[in-house]
>>> print(open('protein.txt').read())   # compact mmCIF, C-alpha atoms
# COMPACT_ATOMS: atom_id res chain seq x y z
CA MET A 12 8.64 -0.93 3.36
CA PRO A 13 5.42 1.10 3.52
CA THR A 14 5.81 4.66 2.31
CA ASP A 15 2.77 6.45 3.71
CA HIS A 16 2.98 7.70 7.29
CA LEU A 17 0.05 5.72 8.64
CA SER A 18 1.38 2.45 7.15
CA SER A 19 4.87 2.98 8.64
CA THR A 20 3.29 3.83 11.99
CA PHE A 21 1.14 0.70 12.03
CA ALA A 22 4.08 -1.45 10.83
CA ALA A 23 6.29 -0.05 13.62
CA LEU A 24 3.57 -0.78 16.21
CA ALA A 25 3.15 -4.39 15.00
CA ASP A 26 5.80 -5.64 17.42
CA PRO A 27 5.43 -6.16 21.19
CA THR A 28 9.03 -5.11 22.00
CA ARG A 29 8.60 -1.82 20.13
CA ARG A 30 5.31 -1.20 21.95
CA ASP A 31 7.05 -1.94 25.28
CA ILE A 32 9.78 0.56 24.39
CA LEU A 33 7.14 3.22 23.66
CA ALA A 34 5.37 2.43 26.94
CA ARG A 35 8.67 2.89 28.81
CA LEU A 36 9.22 6.28 27.13
CA ILE A 37 5.90 7.64 28.45
CA SER A 38 7.65 8.23 31.77
CA GLY A 39 10.49 10.19 30.15
CA GLU A 40 13.62 10.11 27.98
CA ALA A 41 15.89 7.06 28.12
CA THR A 42 19.20 5.92 26.64
CA VAL A 43 19.57 2.75 24.56
CA THR A 44 21.19 0.99 27.54
CA GLU A 45 18.29 1.92 29.80
CA LEU A 46 15.80 0.80 27.18
CA ALA A 47 17.59 -2.52 26.60
CA GLU A 48 17.68 -3.39 30.32
CA PRO A 49 14.25 -5.06 30.76
CA PHE A 50 14.58 -7.07 27.54
CA ASP A 51 16.36 -10.36 26.99
CA ILE A 52 17.66 -9.23 23.59
CA SER A 53 20.95 -7.80 22.34
CA GLY A 54 21.89 -4.13 22.13
CA PRO A 55 22.01 -4.25 18.30
CA ALA A 56 18.49 -5.77 18.26
CA ILE A 57 17.23 -2.88 20.43
CA SER A 58 18.99 -0.41 18.11
CA ARG A 59 17.19 -1.93 15.14
CA HIS A 60 13.84 -1.55 16.90
CA LEU A 61 14.70 2.06 17.75
CA LYS A 62 15.52 2.74 14.11
CA VAL A 63 12.11 1.45 13.02
CA LEU A 64 10.41 3.62 15.66
CA GLU A 65 12.50 6.64 14.69
CA ARG A 66 11.82 6.23 10.95
CA ALA A 67 8.12 6.00 11.69
CA GLY A 68 8.38 9.26 13.67
CA LEU A 69 7.20 7.57 16.89
CA ILE A 70 10.39 8.52 18.74
CA ALA A 71 13.06 11.19 18.32
CA ARG A 72 16.67 10.98 19.50
CA GLY A 73 18.95 13.54 21.08
CA ARG A 74 22.04 14.81 19.27
CA GLU A 75 24.65 13.89 21.86
CA ALA A 76 26.79 11.42 19.86
CA GLN A 77 27.36 9.00 22.69
CA TRP A 78 24.05 8.96 24.57
CA ARG A 79 21.43 10.01 22.08
CA PRO A 80 18.53 9.70 24.56
CA CYS A 81 15.21 8.66 23.04
CA ARG A 82 11.93 10.43 23.64
CA ILE A 83 8.43 9.57 22.50
CA GLU A 84 6.71 11.75 19.88
CA GLY A 85 2.92 11.93 20.16
CA ALA A 86 2.02 13.25 16.67
CA ARG A 87 1.97 9.90 14.83
CA LEU A 88 -0.04 8.25 17.58
CA LYS A 89 -2.49 11.13 17.35
CA ASP A 90 -2.81 10.33 13.61
CA VAL A 91 -3.81 6.77 14.58
CA ASP A 92 -6.33 8.23 17.04
CA ASP A 93 -7.75 10.47 14.30
CA TRP A 94 -7.87 7.55 11.85
CA LEU A 95 -9.85 5.51 14.41
CA ASP A 96 -12.48 8.24 14.68
CA ARG A 97 -14.78 6.99 11.98
CA TYR A 98 -14.67 3.44 13.37
CA ARG A 99 -15.58 4.38 16.94
CA ARG A 100 -19.29 4.23 16.25
CA LEU A 101 -18.85 0.48 15.59
CA TRP A 102 -18.39 -0.19 19.30
CA GLU A 103 -20.03 2.92 20.69
CA GLU A 104 -23.29 2.10 18.86
CA ARG A 105 -23.00 -1.43 20.13
CA PHE A 106 -22.78 -0.15 23.70
CA ASP A 107 -25.70 2.19 22.98
CA ARG A 108 -27.71 -0.83 21.85
CA ILE A 109 -26.79 -2.71 25.04
CA ASP A 110 -27.82 0.40 27.04
CA ASP A 111 -31.16 0.51 25.19
CA TYR A 112 -31.65 -3.18 25.79
CA LEU A 113 -30.93 -2.85 29.51
CA ARG A 114 -33.25 0.16 29.73
CA ASP A 115 -36.03 -1.80 28.00
CA LEU A 116 -35.40 -4.73 30.31
CA GLN A 117 -35.64 -2.43 33.31
CA LYS A 118 -38.88 -0.90 32.02
CA GLY A 119 -40.24 -4.40 31.36
CA GLY A 120 -39.26 -5.36 34.89
CA THR A 121 -41.19 -2.40 36.32
CA ASN A 122 -44.30 -3.32 34.34
CA ASP A 123 -44.18 -7.03 34.96
CA HIS A 124 -43.12 -7.15 38.58
CA GLY A 125 -43.95 -3.71 39.88
CA ASN A 126 -40.42 -2.95 41.16
CA MET B 17 3.87 -13.48 11.38
CA PRO B 18 3.06 -11.78 14.69
CA THR B 19 1.21 -14.02 17.15
CA ASP B 20 -0.33 -11.59 19.63
CA HIS B 21 -3.64 -9.98 18.69
CA LEU B 22 -2.45 -6.39 18.82
CA SER B 23 0.57 -7.13 16.60
CA SER B 24 -1.57 -8.91 13.96
CA THR B 25 -4.04 -6.02 14.07
CA PHE B 26 -1.33 -3.40 13.55
CA ALA B 27 0.35 -5.51 10.82
CA ALA B 28 -3.00 -5.86 9.00
CA LEU B 29 -3.58 -2.09 9.23
CA ALA B 30 -0.10 -1.29 7.81
CA ASP B 31 -1.39 -1.30 4.25
CA PRO B 32 -3.43 1.43 2.51
CA THR B 33 -5.52 -1.02 0.43
CA ARG B 34 -6.54 -2.96 3.53
CA ARG B 35 -7.46 0.29 5.29
CA ASP B 36 -9.52 1.32 2.23
CA ILE B 37 -11.33 -2.04 2.34
CA LEU B 38 -12.16 -1.49 6.02
CA ALA B 39 -13.39 2.03 5.27
CA ARG B 40 -15.69 0.64 2.55
CA LEU B 41 -17.11 -1.91 5.00
CA ILE B 42 -18.23 0.80 7.44
CA SER B 43 -21.24 1.37 5.15
CA GLY B 44 -22.21 -2.33 5.20
CA GLU B 45 -21.38 -5.87 4.04
CA ALA B 46 -19.80 -6.38 0.62
CA THR B 47 -18.73 -9.26 -1.61
CA VAL B 48 -15.16 -9.71 -2.86
CA THR B 49 -16.23 -8.47 -6.31
CA GLU B 50 -17.76 -5.31 -4.83
CA LEU B 51 -14.66 -4.74 -2.69
CA ALA B 52 -12.31 -5.24 -5.65
CA GLU B 53 -14.18 -2.75 -7.88
CA PRO B 54 -12.52 0.54 -6.82
CA PHE B 55 -8.99 -0.94 -6.85
CA ASP B 56 -6.68 -1.45 -9.76
CA ILE B 57 -5.53 -4.84 -8.47
CA SER B 58 -6.46 -8.45 -9.23
CA GLY B 59 -9.17 -10.49 -7.52
CA PRO B 60 -6.57 -12.86 -6.00
CA ALA B 61 -4.66 -9.85 -4.56
CA ILE B 62 -7.89 -8.60 -2.94
CA SER B 63 -8.51 -12.12 -1.57
CA ARG B 64 -5.05 -12.13 0.00
CA HIS B 65 -5.75 -8.77 1.67
CA LEU B 66 -9.09 -10.11 2.94
CA LYS B 67 -7.35 -13.15 4.40
CA VAL B 68 -4.95 -10.93 6.34
CA LEU B 69 -7.87 -8.83 7.62
CA GLU B 70 -9.86 -11.96 8.51
CA ARG B 71 -6.94 -13.60 10.36
CA ALA B 72 -6.45 -10.41 12.33
CA GLY B 73 -10.16 -10.50 13.28
CA LEU B 74 -10.81 -7.14 11.60
CA ILE B 75 -13.43 -8.63 9.26
CA ALA B 76 -15.65 -11.71 9.30
CA ARG B 77 -17.07 -13.49 6.28
CA GLY B 78 -20.47 -15.07 5.63
CA ARG B 79 -20.86 -18.83 5.17
CA GLU B 80 -22.47 -18.85 1.73
CA ALA B 81 -19.84 -20.73 -0.28
CA GLN B 82 -20.06 -18.59 -3.39
CA TRP B 83 -20.58 -15.05 -2.05
CA ARG B 84 -19.11 -15.01 1.41
CA PRO B 85 -19.90 -11.34 2.03
CA CYS B 86 -17.41 -9.52 4.27
CA ARG B 87 -18.38 -7.41 7.26
CA ILE B 88 -16.24 -5.31 9.53
CA GLU B 89 -15.68 -6.39 13.16
CA GLY B 90 -15.14 -3.56 15.65
CA ALA B 91 -13.58 -5.48 18.57
CA ARG B 92 -9.96 -5.44 17.38
CA LEU B 93 -10.15 -1.75 16.51
CA LYS B 94 -11.52 -1.11 19.97
CA ASP B 95 -8.41 -2.90 21.33
CA VAL B 96 -6.29 -0.37 19.41
CA ASP B 97 -8.41 2.44 20.87
CA ASP B 98 -7.88 1.02 24.40
CA TRP B 99 -4.15 0.61 23.76
CA LEU B 100 -3.95 4.28 22.72
CA ASP B 101 -5.50 5.40 25.99
CA ARG B 102 -2.29 5.81 27.95
CA TYR B 103 -0.70 7.81 25.10
CA ARG B 104 -3.55 10.30 24.72
CA ARG B 105 -2.16 12.57 27.38
CA LEU B 106 0.87 13.14 25.10
CA TRP B 107 -1.20 15.31 22.76
CA GLU B 108 -3.98 16.30 25.13
CA GLU B 109 -1.45 17.78 27.58
CA ARG B 110 0.21 19.51 24.69
CA PHE B 111 -3.11 21.13 23.76
CA ASP B 112 -3.66 22.01 27.42
CA ARG B 113 -0.27 23.75 27.42
CA ILE B 114 -1.20 25.67 24.25
CA ASP B 115 -4.51 26.61 25.92
CA ASP B 116 -2.64 27.84 29.00
CA TYR B 117 -0.25 29.80 26.82
CA LEU B 118 -3.08 31.45 24.88
CA ARG B 119 -4.88 32.25 28.13
CA ASP B 120 -1.71 33.83 29.55
CA LEU B 121 -1.23 35.76 26.31
CA GLN B 122 -4.80 37.02 26.50
CA LYS B 123 -4.34 38.07 30.14
CA GLY B 124 -1.09 39.81 29.21
CA GLY B 125 -2.93 41.56 26.37
CA THR B 126 -5.56 42.82 28.78
CA ASN B 127 -2.92 44.22 31.12
CA ASP B 128 -0.71 45.77 28.47
CA HIS B 129 -3.26 47.25 26.09
CA GLY B 130 -6.39 47.51 28.23
CA ASN B 131 -8.61 45.68 25.69
>>> encode(input="protein.txt", output="structure tokens")
Amino acid sequence: MPTDHLSSTFAALADPTRRDILARLISGEATVTELAEPFDISGPAISRHLKVLERAGLIARGREAQWRPCRIEGARLKDVDDWLDRYRRLWEERFDRIDDYLRDLQKGGTNDHGN
Amino acid sequence: MPTDHLSSTFAALADPTRRDILARLISGEATVTELAEPFDISGPAISRHLKVLERAGLIARGREAQWRPCRIEGARLKDVDDWLDRYRRLWEERFDRIDDYLRDLQKGGTNDHGN
């Protein structure tokens, strides 16, 4: 198991069911039963996914022994957002280049065809 | 192994060495030897990491049989950025709430102390 925060976060996100669970929690807290409902997998399987998400700090769970509702925690996802920062220029520059190209094309069009 | 793109991307990013390799590639193409240099791990171990990154579409490699320089590919990271979009309000709203709180505090300060 990865030990650094970012590695555990990415490992926890590397599963479509866990990402679906997170997406569901955007709209508010939910119990395990509520979270299991849309999935064709067992309660224990959902619990295992929740444990991975909880260990990674992506969700937190209430203290009520029976219900323990889950809620999403934004901090770890913000870490991913911060980590992505230095890579953004890879696609932003690309779009800038496309913009430049289109601008040049437009200028060329004005010169060549007078419109 | 995960089969959907986003899962392979997250799985590939769940390792600090692979993230370091990506960070190195921001400044330009590099050969396996150059990429291995800063790490205290074997050439074959680096090659395995590169294979994971390549399969996930995070890097691409040149065709020259001997050198096969690696370069970073932004598209998959942009997918992560797009995926994060719906979660951003989790921390942005939080900051908005802190802003509101500080604004209220400031207003209160003006009323109570006249400064």
>>> interface_residues(input="protein.txt", of="chain A", to="chain B", cutoff="9 Å", atoms="only C-alpha atoms", output="PyMOL selection string")
chain A and resi 13+15+17-27+34+37+83-86+88-89+91-92+95+97-102
>>> atom_distance(input="protein.txt", atom1="atom CA of B:Thr49", atom2="atom CA of A:Glu104")
28.2 Å
>>> atom_distance(input="protein.txt", atom1="atom CA of B:Arg34", atom2="atom CA of B:Leu66")
7.6 Å
>>> residues_around(input="protein.txt", residues="A:Thr42", least_positions_apart="6", cutoff="12 Å", atoms="all atoms listed in the file", output="VMD selection string")
chain A and resid 32 35 to 36 48 54 57 to 58 61 71 to 82
>>> calpha_fit_and_write(input="protein.txt", fixed="chain B", moving="chain A", output="PDB file with C-alpha atoms, in the frame of the given file")
ATOM      1  CA  MET A  12       3.882 -13.544  11.444  1.00  0.00           C
ATOM      2  CA  PRO A  13       3.038 -11.816  14.733  1.00  0.00           C
ATOM      3  CA  THR A  14       1.191 -14.030  17.178  1.00  0.00           C
ATOM      4  CA  ASP A  15      -0.338 -11.595  19.656  1.00  0.00           C
ATOM      5  CA  HIS A  16      -3.642  -9.984  18.702  1.00  0.00           C
ATOM      6  CA  LEU A  17      -2.455  -6.392  18.832  1.00  0.00           C
ATOM      7  CA  SER A  18       0.578  -7.156  16.619  1.00  0.00           C
ATOM      8  CA  SER A  19      -1.564  -8.932  13.985  1.00  0.00           C
ATOM      9  CA  THR A  20      -4.029  -6.041  14.068  1.00  0.00           C
ATOM     10  CA  PHE A  21      -1.327  -3.421  13.561  1.00  0.00           C
ATOM     11  CA  ALA A  22       0.351  -5.542  10.841  1.00  0.00           C
ATOM     12  CA  ALA A  23      -2.987  -5.898   9.008  1.00  0.00           C
ATOM     13  CA  LEU A  24      -3.562  -2.121   9.215  1.00  0.00           C
ATOM     14  CA  ALA A  25      -0.078  -1.344   7.826  1.00  0.00           C
ATOM     15  CA  ASP A  26      -1.367  -1.352   4.251  1.00  0.00           C
ATOM     16  CA  PRO A  27      -3.395   1.387   2.517  1.00  0.00           C
ATOM     17  CA  THR A  28      -5.487  -1.057   0.426  1.00  0.00           C
ATOM     18  CA  ARG A  29      -6.522  -2.994   3.538  1.00  0.00           C
ATOM     19  CA  ARG A  30      -7.431   0.270   5.283  1.00  0.00           C
ATOM     20  CA  ASP A  31      -9.483   1.299   2.218  1.00  0.00           C
ATOM     21  CA  ILE A  32     -11.302  -2.044   2.334  1.00  0.00           C
ATOM     22  CA  LEU A  33     -12.142  -1.487   6.016  1.00  0.00           C
ATOM     23  CA  ALA A  34     -13.340   2.048   5.257  1.00  0.00           C
ATOM     24  CA  ARG A  35     -15.640   0.664   2.537  1.00  0.00           C
ATOM     25  CA  LEU A  36     -17.091  -1.894   4.981  1.00  0.00           C
ATOM     26  CA  ILE A  37     -18.196   0.838   7.416  1.00  0.00           C
ATOM     27  CA  SER A  38     -21.198   1.407   5.159  1.00  0.00           C
ATOM     28  CA  GLY A  39     -22.173  -2.278   5.195  1.00  0.00           C
ATOM     29  CA  GLU A  40     -21.384  -5.822   4.039  1.00  0.00           C
ATOM     30  CA  ALA A  41     -19.793  -6.342   0.623  1.00  0.00           C
ATOM     31  CA  THR A  42     -18.738  -9.237  -1.601  1.00  0.00           C
ATOM     32  CA  VAL A  43     -15.174  -9.706  -2.860  1.00  0.00           C
ATOM     33  CA  THR A  44     -16.235  -8.461  -6.314  1.00  0.00           C
ATOM     34  CA  GLU A  45     -17.745  -5.314  -4.831  1.00  0.00           C
ATOM     35  CA  LEU A  46     -14.657  -4.747  -2.718  1.00  0.00           C
ATOM     36  CA  ALA A  47     -12.291  -5.270  -5.665  1.00  0.00           C
ATOM     37  CA  GLU A  48     -14.137  -2.775  -7.894  1.00  0.00           C
ATOM     38  CA  PRO A  49     -12.462   0.517  -6.844  1.00  0.00           C
ATOM     39  CA  PHE A  50      -8.970  -1.007  -6.868  1.00  0.00           C
ATOM     40  CA  ASP A  51      -6.642  -1.515  -9.804  1.00  0.00           C
ATOM     41  CA  ILE A  52      -5.503  -4.900  -8.474  1.00  0.00           C
ATOM     42  CA  SER A  53      -6.442  -8.505  -9.220  1.00  0.00           C
ATOM     43  CA  GLY A  54      -9.149 -10.541  -7.511  1.00  0.00           C
ATOM     44  CA  PRO A  55      -6.566 -12.922  -5.976  1.00  0.00           C
ATOM     45  CA  ALA A  56      -4.661  -9.908  -4.564  1.00  0.00           C
ATOM     46  CA  ILE A  57      -7.886  -8.651  -2.929  1.00  0.00           C
ATOM     47  CA  SER A  58      -8.524 -12.159  -1.561  1.00  0.00           C
ATOM     48  CA  ARG A  59      -5.073 -12.166   0.008  1.00  0.00           C
ATOM     49  CA  HIS A  60      -5.757  -8.816   1.672  1.00  0.00           C
ATOM     50  CA  LEU A  61      -9.102 -10.128   2.930  1.00  0.00           C
ATOM     51  CA  LYS A  62      -7.375 -13.164   4.408  1.00  0.00           C
ATOM     52  CA  VAL A  63      -4.969 -10.947   6.350  1.00  0.00           C
ATOM     53  CA  LEU A  64      -7.887  -8.846   7.630  1.00  0.00           C
ATOM     54  CA  GLU A  65      -9.884 -11.953   8.520  1.00  0.00           C
ATOM     55  CA  ARG A  66      -6.973 -13.606  10.366  1.00  0.00           C
ATOM     56  CA  ALA A  67      -6.469 -10.421  12.339  1.00  0.00           C
ATOM     57  CA  GLY A  68     -10.173 -10.496  13.281  1.00  0.00           C
ATOM     58  CA  LEU A  69     -10.818  -7.118  11.611  1.00  0.00           C
ATOM     59  CA  ILE A  70     -13.432  -8.601   9.271  1.00  0.00           C
ATOM     60  CA  ALA A  71     -15.669 -11.671   9.323  1.00  0.00           C
ATOM     61  CA  ARG A  72     -17.102 -13.473   6.296  1.00  0.00           C
ATOM     62  CA  GLY A  73     -20.491 -15.007   5.656  1.00  0.00           C
ATOM     63  CA  ARG A  74     -20.901 -18.756   5.191  1.00  0.00           C
ATOM     64  CA  GLU A  75     -22.530 -18.742   1.769  1.00  0.00           C
ATOM     65  CA  ALA A  76     -19.916 -20.668  -0.266  1.00  0.00           C
ATOM     66  CA  GLN A  77     -20.170 -18.539  -3.363  1.00  0.00           C
ATOM     67  CA  TRP A  78     -20.641 -15.003  -2.034  1.00  0.00           C
ATOM     68  CA  ARG A  79     -19.169 -14.992   1.430  1.00  0.00           C
ATOM     69  CA  PRO A  80     -19.933 -11.294   2.060  1.00  0.00           C
ATOM     70  CA  CYS A  81     -17.443  -9.487   4.285  1.00  0.00           C
ATOM     71  CA  ARG A  82     -18.377  -7.361   7.261  1.00  0.00           C
ATOM     72  CA  ILE A  83     -16.226  -5.254   9.546  1.00  0.00           C
ATOM     73  CA  GLU A  84     -15.681  -6.349  13.163  1.00  0.00           C
ATOM     74  CA  GLY A  85     -15.148  -3.517  15.648  1.00  0.00           C
ATOM     75  CA  ALA A  86     -13.595  -5.442  18.583  1.00  0.00           C
ATOM     76  CA  ARG A  87      -9.965  -5.402  17.386  1.00  0.00           C
ATOM     77  CA  LEU A  88     -10.144  -1.728  16.494  1.00  0.00           C
ATOM     78  CA  LYS A  89     -11.513  -1.077  19.965  1.00  0.00           C
ATOM     79  CA  ASP A  90      -8.403  -2.858  21.336  1.00  0.00           C
ATOM     80  CA  VAL A  91      -6.262  -0.352  19.399  1.00  0.00           C
ATOM     81  CA  ASP A  92      -8.368   2.466  20.866  1.00  0.00           C
ATOM     82  CA  ASP A  93      -7.854   1.063  24.374  1.00  0.00           C
ATOM     83  CA  TRP A  94      -4.116   0.637  23.753  1.00  0.00           C
ATOM     84  CA  LEU A  95      -3.895   4.304  22.688  1.00  0.00           C
ATOM     85  CA  ASP A  96      -5.447   5.440  25.966  1.00  0.00           C
ATOM     86  CA  ARG A  97      -2.256   5.866  27.910  1.00  0.00           C
ATOM     87  CA  TYR A  98      -0.647   7.827  25.062  1.00  0.00           C
ATOM     88  CA  ARG A  99      -3.471  10.340  24.661  1.00  0.00           C
ATOM     89  CA  ARG A 100      -2.080  12.634  27.320  1.00  0.00           C
ATOM     90  CA  LEU A 101       0.950  13.176  25.035  1.00  0.00           C
ATOM     91  CA  TRP A 102      -1.117  15.332  22.689  1.00  0.00           C
ATOM     92  CA  GLU A 103      -3.900  16.312  25.053  1.00  0.00           C
ATOM     93  CA  GLU A 104      -1.377  17.813  27.509  1.00  0.00           C
ATOM     94  CA  ARG A 105       0.257  19.565  24.607  1.00  0.00           C
ATOM     95  CA  PHE A 106      -3.064  21.153  23.669  1.00  0.00           C
ATOM     96  CA  ASP A 107      -3.618  22.024  27.337  1.00  0.00           C
ATOM     97  CA  ARG A 108      -0.256  23.793  27.319  1.00  0.00           C
ATOM     98  CA  ILE A 109      -1.213  25.709  24.162  1.00  0.00           C
ATOM     99  CA  ASP A 110      -4.535  26.623  25.854  1.00  0.00           C
ATOM    100  CA  ASP A 111      -2.648  27.856  28.938  1.00  0.00           C
ATOM    101  CA  TYR A 112      -0.284  29.814  26.749  1.00  0.00           C
ATOM    102  CA  LEU A 113      -3.133  31.453  24.836  1.00  0.00           C
ATOM    103  CA  ARG A 114      -4.922  32.242  28.102  1.00  0.00           C
ATOM    104  CA  ASP A 115      -1.753  33.842  29.503  1.00  0.00           C
ATOM    105  CA  LEU A 116      -1.312  35.782  26.284  1.00  0.00           C
ATOM    106  CA  GLN A 117      -4.887  37.010  26.522  1.00  0.00           C
ATOM    107  CA  LYS A 118      -4.412  38.036  30.159  1.00  0.00           C
ATOM    108  CA  GLY A 119      -1.160  39.787  29.213  1.00  0.00           C
ATOM    109  CA  GLY A 120      -3.015  41.557  26.427  1.00  0.00           C
ATOM    110  CA  THR A 121      -5.653  42.820  28.873  1.00  0.00           C
ATOM    111  CA  ASN A 122      -2.992  44.155  31.235  1.00  0.00           C
ATOM    112  CA  ASP A 123      -0.763  45.694  28.622  1.00  0.00           C
ATOM    113  CA  HIS A 124      -3.299  47.179  26.255  1.00  0.00           C
ATOM    114  CA  GLY A 125      -6.441  47.412  28.325  1.00  0.00           C
ATOM    115  CA  ASN A 126      -8.619  45.402  25.897  1.00  0.00           C
TER     116      ASN A 126
END
>>> decode(input="protein.txt", residues="stretch 15-30 of chain A", atoms="N, CA, C and O atoms", output="PDB file, in the first residue's frame")
ATOM      1  N   ASP A  15       2.505   7.640   0.991  1.00  0.00           N
ATOM      2  CA  ASP A  15       2.319   9.096   0.926  1.00  0.00           C
ATOM      3  C   ASP A  15       0.881   9.413   0.538  1.00  0.00           C
ATOM      4  O   ASP A  15       0.212   8.635  -0.137  1.00  0.00           O
ATOM      5  N   HIS A  16       0.416  10.580   1.002  1.00  0.00           N
ATOM      6  CA  HIS A  16      -0.989  10.974   0.813  1.00  0.00           C
ATOM      7  C   HIS A  16      -1.422  10.947  -0.640  1.00  0.00           C
ATOM      8  O   HIS A  16      -2.478  10.411  -0.968  1.00  0.00           O
ATOM      9  N   LEU A  17      -0.589  11.553  -1.508  1.00  0.00           N
ATOM     10  CA  LEU A  17      -0.975  11.680  -2.905  1.00  0.00           C
ATOM     11  C   LEU A  17      -1.105  10.299  -3.553  1.00  0.00           C
ATOM     12  O   LEU A  17      -2.032  10.045  -4.323  1.00  0.00           O
ATOM     13  N   SER A  18      -0.182   9.373  -3.195  1.00  0.00           N
ATOM     14  CA  SER A  18      -0.258   8.018  -3.754  1.00  0.00           C
ATOM     15  C   SER A  18      -1.517   7.298  -3.285  1.00  0.00           C
ATOM     16  O   SER A  18      -2.195   6.637  -4.078  1.00  0.00           O
ATOM     17  N   SER A  19      -1.861   7.403  -1.985  1.00  0.00           N
ATOM     18  CA  SER A  19      -3.091   6.746  -1.517  1.00  0.00           C
ATOM     19  C   SER A  19      -4.315   7.365  -2.178  1.00  0.00           C
ATOM     20  O   SER A  19      -5.284   6.657  -2.472  1.00  0.00           O
ATOM     21  N   THR A  20      -4.281   8.688  -2.383  1.00  0.00           N
ATOM     22  CA  THR A  20      -5.424   9.338  -3.038  1.00  0.00           C
ATOM     23  C   THR A  20      -5.589   8.806  -4.450  1.00  0.00           C
ATOM     24  O   THR A  20      -6.674   8.369  -4.843  1.00  0.00           O
ATOM     25  N   PHE A  21      -4.491   8.809  -5.226  1.00  0.00           N
ATOM     26  CA  PHE A  21      -4.584   8.330  -6.604  1.00  0.00           C
ATOM     27  C   PHE A  21      -4.993   6.851  -6.644  1.00  0.00           C
ATOM     28  O   PHE A  21      -5.812   6.449  -7.470  1.00  0.00           O
ATOM     29  N   ALA A  22      -4.440   6.037  -5.742  1.00  0.00           N
ATOM     30  CA  ALA A  22      -4.796   4.609  -5.710  1.00  0.00           C
ATOM     31  C   ALA A  22      -6.292   4.446  -5.426  1.00  0.00           C
ATOM     32  O   ALA A  22      -6.966   3.616  -6.046  1.00  0.00           O
ATOM     33  N   ALA A  23      -6.812   5.242  -4.490  1.00  0.00           N
ATOM     34  CA  ALA A  23      -8.239   5.146  -4.146  1.00  0.00           C
ATOM     35  C   ALA A  23      -9.118   5.573  -5.327  1.00  0.00           C
ATOM     36  O   ALA A  23     -10.206   5.035  -5.530  1.00  0.00           O
ATOM     37  N   LEU A  24      -8.620   6.524  -6.130  1.00  0.00           N
ATOM     38  CA  LEU A  24      -9.422   7.027  -7.259  1.00  0.00           C
ATOM     39  C   LEU A  24      -9.342   6.120  -8.490  1.00  0.00           C
ATOM     40  O   LEU A  24     -10.106   6.292  -9.437  1.00  0.00           O
ATOM     41  N   ALA A  25      -8.424   5.133  -8.453  1.00  0.00           N
ATOM     42  CA  ALA A  25      -8.208   4.251  -9.606  1.00  0.00           C
ATOM     43  C   ALA A  25      -9.254   3.148  -9.695  1.00  0.00           C
ATOM     44  O   ALA A  25      -8.944   2.006 -10.033  1.00  0.00           O
ATOM     45  N   ASP A  26     -10.480   3.454  -9.368  1.00  0.00           N
ATOM     46  CA  ASP A  26     -11.554   2.456  -9.408  1.00  0.00           C
ATOM     47  C   ASP A  26     -12.881   3.162  -9.710  1.00  0.00           C
ATOM     48  O   ASP A  26     -13.268   4.087  -8.974  1.00  0.00           O
ATOM     49  N   PRO A  27     -13.576   2.726 -10.769  1.00  0.00           N
ATOM     50  CA  PRO A  27     -14.803   3.427 -11.175  1.00  0.00           C
ATOM     51  C   PRO A  27     -15.899   3.407 -10.111  1.00  0.00           C
ATOM     52  O   PRO A  27     -16.634   4.393  -9.977  1.00  0.00           O
ATOM     53  N   THR A  28     -16.028   2.312  -9.341  1.00  0.00           N
ATOM     54  CA  THR A  28     -17.066   2.267  -8.297  1.00  0.00           C
ATOM     55  C   THR A  28     -16.766   3.311  -7.220  1.00  0.00           C
ATOM     56  O   THR A  28     -17.658   4.018  -6.763  1.00  0.00           O
ATOM     57  N   ARG A  29     -15.499   3.396  -6.822  1.00  0.00           N
ATOM     58  CA  ARG A  29     -15.144   4.392  -5.793  1.00  0.00           C
ATOM     59  C   ARG A  29     -15.377   5.813  -6.306  1.00  0.00           C
ATOM     60  O   ARG A  29     -15.836   6.678  -5.557  1.00  0.00           O
ATOM     61  N   ARG A  30     -15.097   6.050  -7.595  1.00  0.00           N
ATOM     62  CA  ARG A  30     -15.364   7.390  -8.139  1.00  0.00           C
ATOM     63  C   ARG A  30     -16.870   7.655  -8.190  1.00  0.00           C
ATOM     64  O   ARG A  30     -17.313   8.775  -7.912  1.00  0.00           O
TER      65      ARG A  30
END
